[in-house]
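Below is model-v1.cif, holding mmCIF, C-alpha atoms.
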data_structure
#
loop_
_atom_site.group_PDB
_atom_site.id
_atom_site.type_symbol
_atom_site.label_atom_id
_atom_site.label_comp_id
_atom_site.auth_asym_id
_atom_site.auth_seq_id
_atom_site.Cartn_x
_atom_site.Cartn_y
_atom_site.Cartn_z
ATOM 1 C CA MET A 255 124.183 123.226 113.550
ATOM 2 C CA LYS A 256 121.503 125.691 112.465
ATOM 3 C CA ARG A 257 123.386 126.341 109.190
ATOM 4 C CA THR A 258 123.602 122.589 108.556
ATOM 5 C CA ILE A 259 119.843 122.205 108.993
ATOM 6 C CA ILE A 260 119.131 125.200 106.752
ATOM 7 C CA LEU A 261 121.520 123.835 104.112
ATOM 8 C CA ALA A 262 119.904 120.388 104.300
ATOM 9 C CA VAL A 263 116.403 121.857 103.920
ATOM 10 C CA ALA A 264 117.569 124.001 100.981
ATOM 11 C CA CYS A 265 119.130 120.978 99.270
ATOM 12 C CA LEU A 266 116.019 118.868 99.780
ATOM 13 C CA SER A 267 113.823 121.688 98.487
ATOM 14 C CA PHE A 268 116.033 121.980 95.410
ATOM 15 C CA LEU A 269 115.783 118.226 94.813
ATOM 16 C CA PHE A 270 111.998 118.230 95.025
ATOM 17 C CA ILE A 271 111.719 121.252 92.742
ATOM 18 C CA SER A 272 114.215 119.691 90.296
ATOM 19 C CA PHE A 273 112.309 116.434 90.132
ATOM 20 C CA SER A 274 108.913 118.045 89.599
ATOM 21 C CA SER A 275 109.527 118.517 85.875
ATOM 22 C CA GLU A 276 107.141 116.896 83.410
ATOM 23 C CA ASP A 277 110.008 115.480 81.337
ATOM 24 C CA GLU A 278 109.891 111.736 80.835
ATOM 25 C CA ASP A 279 113.429 111.232 82.091
ATOM 26 C CA LYS A 280 112.803 112.976 85.415
ATOM 27 C CA ILE A 281 111.781 111.317 88.651
ATOM 28 C CA GLN A 282 108.325 112.477 89.724
ATOM 29 C CA PHE A 283 108.584 111.416 93.370
ATOM 30 C CA VAL A 284 110.241 108.814 95.563
ATOM 31 C CA GLU A 285 108.565 106.333 97.893
ATOM 32 C CA ILE A 286 110.245 104.420 100.702
ATOM 33 C CA GLY A 287 109.457 100.726 100.983
ATOM 34 C CA VAL A 288 110.075 98.715 104.107
ATOM 35 C CA ASN A 289 109.683 94.949 104.280
ATOM 36 C CA VAL A 290 107.882 93.858 107.429
ATOM 37 C CA ALA A 291 106.920 90.622 109.160
ATOM 38 C CA ASP A 292 103.430 91.843 110.097
ATOM 39 C CA THR A 293 101.705 94.676 108.205
ATOM 40 C CA ALA A 294 98.950 95.101 110.818
ATOM 41 C CA ARG A 295 101.483 95.620 113.616
ATOM 42 C CA SER A 296 103.614 97.980 111.507
ATOM 43 C CA LEU A 297 100.566 99.888 110.252
ATOM 44 C CA ALA A 298 99.419 100.544 113.835
ATOM 45 C CA PHE A 299 102.933 101.666 114.787
ATOM 46 C CA TYR A 300 103.329 104.210 111.967
ATOM 47 C CA ILE A 301 99.820 105.590 112.448
ATOM 48 C CA LYS A 302 100.234 105.964 116.218
ATOM 49 C CA VAL A 303 103.807 107.253 116.273
ATOM 50 C CA PHE A 304 104.048 109.371 113.118
ATOM 51 C CA GLY A 305 100.415 110.158 112.331
ATOM 52 C CA MET A 306 100.647 108.547 108.894
ATOM 53 C CA LYS A 307 97.430 107.773 107.044
ATOM 54 C CA ARG A 308 96.668 104.610 105.113
ATOM 55 C CA VAL A 309 96.100 105.620 101.490
ATOM 56 C CA GLY A 310 96.295 102.348 99.590
ATOM 57 C CA TYR A 311 96.553 98.585 99.573
ATOM 58 C CA TRP A 312 97.585 96.077 96.957
ATOM 59 C CA HIS A 313 97.873 92.283 96.990
ATOM 60 C CA ALA A 314 100.194 90.464 94.597
ATOM 61 C CA PRO A 315 99.115 86.811 94.404
ATOM 62 C CA ALA A 316 101.722 84.063 94.109
ATOM 63 C CA GLU A 317 100.684 83.388 90.504
ATOM 64 C CA MET A 318 101.461 86.991 89.562
ATOM 65 C CA THR A 319 104.854 87.103 91.290
ATOM 66 C CA ALA A 320 105.785 83.725 89.813
ATOM 67 C CA SER A 321 104.848 84.833 86.268
ATOM 68 C CA ALA A 322 106.808 88.091 86.753
ATOM 69 C CA GLY A 323 109.792 86.200 88.145
ATOM 70 C CA VAL A 324 110.000 88.217 91.364
ATOM 71 C CA ASN A 325 109.864 87.525 95.101
ATOM 72 C CA SER A 326 110.585 83.798 94.690
ATOM 73 C CA GLY A 327 107.015 83.419 93.431
ATOM 74 C CA LYS A 328 105.617 84.240 96.888
ATOM 75 C CA ALA A 329 102.529 86.390 97.360
ATOM 76 C CA PHE A 330 102.880 89.723 99.118
ATOM 77 C CA ASP A 331 100.697 92.481 100.515
ATOM 78 C CA LEU A 332 101.531 96.143 100.201
ATOM 79 C CA VAL A 333 100.014 98.817 102.456
ATOM 80 C CA ILE A 334 100.713 102.398 101.401
ATOM 81 C CA LEU A 335 100.918 105.091 104.052
ATOM 82 C CA SER A 336 101.234 108.798 103.460
ATOM 83 C CA MET A 337 102.457 111.621 105.628
ATOM 84 C CA GLU A 338 102.500 115.314 104.890
ATOM 85 C CA CYS A 339 105.914 116.799 105.489
ATOM 86 C CA ASP A 340 106.975 120.402 105.185
ATOM 87 C CA GLY A 341 105.925 121.133 101.605
ATOM 88 C CA TYR A 342 105.830 117.589 100.240
ATOM 89 C CA MET A 343 104.152 114.225 100.751
ATOM 90 C CA LEU A 344 106.047 111.138 101.821
ATOM 91 C CA ASN A 345 104.713 107.716 100.852
ATOM 92 C CA TYR A 346 105.921 104.868 103.033
ATOM 93 C CA LYS A 347 105.106 101.369 101.817
ATOM 94 C CA LEU A 348 104.801 98.392 104.164
ATOM 95 C CA ASN A 349 105.438 95.155 102.311
ATOM 96 C CA GLN A 350 104.759 91.748 103.836
ATOM 97 C CA THR A 351 105.721 88.609 101.950
ATOM 98 C CA GLU A 352 103.630 85.538 102.589
ATOM 99 C CA ASN A 353 105.230 83.314 105.258
ATOM 100 C CA ASN A 354 108.232 85.595 105.830
ATOM 101 C CA LYS A 355 108.313 85.259 109.610
ATOM 102 C CA ASP A 356 111.156 82.701 109.350
ATOM 103 C CA ALA A 357 114.759 83.293 108.305
ATOM 104 C CA ILE A 358 114.858 85.790 105.463
ATOM 105 C CA PRO A 359 117.649 85.593 102.868
ATOM 106 C CA ALA A 360 119.847 88.555 102.031
ATOM 107 C CA ASN A 361 119.499 89.985 98.556
ATOM 108 C CA GLU A 362 121.841 88.318 96.097
ATOM 109 C CA PRO A 363 122.755 89.664 92.645
ATOM 110 C CA GLY A 364 119.889 89.040 90.244
ATOM 111 C CA TYR A 365 117.376 88.441 93.052
ATOM 112 C CA TYR A 366 114.370 90.760 92.959
ATOM 113 C CA GLY A 367 112.350 90.043 96.055
ATOM 114 C CA PHE A 368 110.814 91.751 99.014
ATOM 115 C CA GLU A 369 111.577 89.116 101.635
ATOM 116 C CA LYS A 370 114.502 90.595 103.553
ATOM 117 C CA ALA A 371 113.050 92.420 106.579
ATOM 118 C CA GLY A 372 113.909 96.050 107.174
ATOM 119 C CA LEU A 373 114.281 99.070 104.946
ATOM 120 C CA GLY A 374 114.319 97.088 101.769
ATOM 121 C CA TYR A 375 113.714 99.190 98.688
ATOM 122 C CA LEU A 376 113.135 102.626 97.206
ATOM 123 C CA THR A 377 110.545 103.345 94.544
ATOM 124 C CA PHE A 378 111.253 106.043 91.960
ATOM 125 C CA ASN A 379 108.035 107.085 90.208
ATOM 126 C CA VAL A 380 108.508 108.228 86.612
ATOM 127 C CA LYS A 381 106.393 108.948 83.536
ATOM 128 C CA ASN A 382 108.377 106.628 81.275
ATOM 129 C CA VAL A 383 110.853 103.881 82.232
ATOM 130 C CA ASP A 384 112.542 103.833 78.801
ATOM 131 C CA PRO A 385 115.134 106.601 79.443
ATOM 132 C CA PHE A 386 116.090 104.856 82.685
ATOM 133 C CA ILE A 387 116.417 101.481 80.957
ATOM 134 C CA GLU A 388 118.719 103.120 78.393
ATOM 135 C CA ARG A 389 120.956 104.485 81.173
ATOM 136 C CA ILE A 390 120.912 101.148 83.002
ATOM 137 C CA LYS A 391 121.930 99.299 79.832
ATOM 138 C CA ALA A 392 124.588 101.893 78.979
ATOM 139 C CA ASN A 393 126.160 101.250 82.376
ATOM 140 C CA ASN A 394 125.940 97.444 82.095
ATOM 141 C CA ILE A 395 123.716 97.138 85.156
ATOM 142 C CA GLN A 396 121.657 93.995 85.592
ATOM 143 C CA TYR A 397 117.910 94.634 85.838
ATOM 144 C CA LYS A 398 114.517 93.018 85.417
ATOM 145 C CA LEU A 399 111.647 94.580 83.494
ATOM 146 C CA VAL A 400 108.330 93.409 84.940
ATOM 147 C CA LEU A 401 105.454 93.352 82.457
ATOM 148 C CA LEU A 402 102.022 92.375 83.720
ATOM 149 C CA PRO A 403 98.673 92.771 81.967
ATOM 150 C CA ASN A 404 96.846 95.965 82.958
ATOM 151 C CA PHE A 405 99.756 97.199 85.077
ATOM 152 C CA PRO A 406 102.411 99.823 84.454
ATOM 153 C CA ARG A 407 105.924 98.709 83.598
ATOM 154 C CA VAL A 408 108.291 98.284 86.528
ATOM 155 C CA VAL A 409 112.076 98.059 86.411
ATOM 156 C CA LEU A 410 113.785 96.262 89.294
ATOM 157 C CA LEU A 411 117.501 96.599 89.937
ATOM 158 C CA GLN A 412 119.969 96.706 92.790
ATOM 159 C CA ASP A 413 122.388 99.384 93.856
ATOM 160 C CA PRO A 414 126.035 98.363 94.390
ATOM 161 C CA ASP A 415 125.260 97.280 97.975
ATOM 162 C CA GLY A 416 122.317 95.091 96.982
ATOM 163 C CA THR A 417 119.507 97.499 97.929
ATOM 164 C CA LEU A 418 116.481 96.788 95.774
ATOM 165 C CA LEU A 419 115.373 99.737 93.629
ATOM 166 C CA GLU A 420 112.065 99.939 91.786
ATOM 167 C CA ILE A 421 111.429 102.344 88.904
ATOM 168 C CA TYR A 422 107.655 102.513 88.563
ATOM 169 C CA GLU A 423 106.001 103.954 85.467
ATOM 170 C CA ARG A 424 103.037 106.176 86.386
ATOM 171 C CA LYS A 425 101.032 107.427 83.451
#
As structure tokens, what does this structure read like?
Amino acid sequence: MKRTIILAVACLSFLFISFSSEDEDKIQFVEIGVNVADTARSLAFYIKVFGMKRVGYWHAPAEMTASAGVNSGKAFDLVILSMECDGYMLNYKLNQTENNKDAIPANEPGYYGFEKAGLGYLTFNVKNVDPFIERIKANNIQYKLVLLPNFPRVVLLQDPDGTLLEIYERK
């Protein structure tokens, strides 16, 4: 058991060191996004239980999501939490879609929304989305490039099981 834990820590350390390169085709860091029914309730939970700290907030109005063609044109709120782990920072994003307390649809191919409750998406932060778009195209994977004024480019795609993935360009 102890060897397994040591091996896991070594592998994770290697991954974080590997991804810390300044190359444009390298992932800078990964954030975990969870879709919730009530951000206030979830925020209190993660602060109380895990000692996370609120480090950001962002509201996407319905007009913005509709023009980007994501989230069925519904507004959403995003609360960013951060937690220091052994040698790295973890960002955990709570995402609440407007009026999502009712039945929430499962992700279907070509659907890029944040409505399905639960661990819903992973965010890969990169310097430049272009190398990732090239690989996505080369592998015939369906994706959506979100372009909004005064915002970085974001690529949305799904893994083979329908998990939403977000490649976020941080410059």
Any chance you could work out the residue set of the PyMOL selection byres ((chain A and resi 327) around 9) here, as a list of chain:residue names?
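With the shown file as input, the PyMOL selection byres ((chain A and resi 327) around 9) matches A:Pro315, A:Ala316, A:Glu317, A:Met318, A:Thr319, A:Ala320, A:Ser321, A:Ala322, A:Gly323, A:Val324, A:Asn325, A:Ser326, A:Lys328, A:Ala329, A:Gly367.
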Here is a test: counting only C-alpha atoms, which residue of A:Ile421, A:Ile387, A:Val333, A:Ile286 is nearest to Arg308 of chain A?
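Ranked by minimum distance to Arg308 of chain A, first place goes to A:Val333.
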Between atom CA of Phe368 of chain A and atom CA of Asn394 of chain A, what distance in Å does the model show, to one decimal?
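That distance, rounded to one decimal, is 23.4 Å.
Distances here use all atoms listed in the file; by that measure, the residue among A:Cys339, A:Leu410, A:Leu376, A:Leu348 closest to Tyr300 of chain A is A:Leu348.
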Shell around Glu338 of chain A at 12 Å using all atoms listed in the file, local window under 3 positions removed, as a list in words:
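The residues satisfying every condition are Phe304, Gly305, Met306, Lys307, Leu335, Gly341, Tyr342, Met343, Leu344, Asn345 and Tyr346 of chain A.
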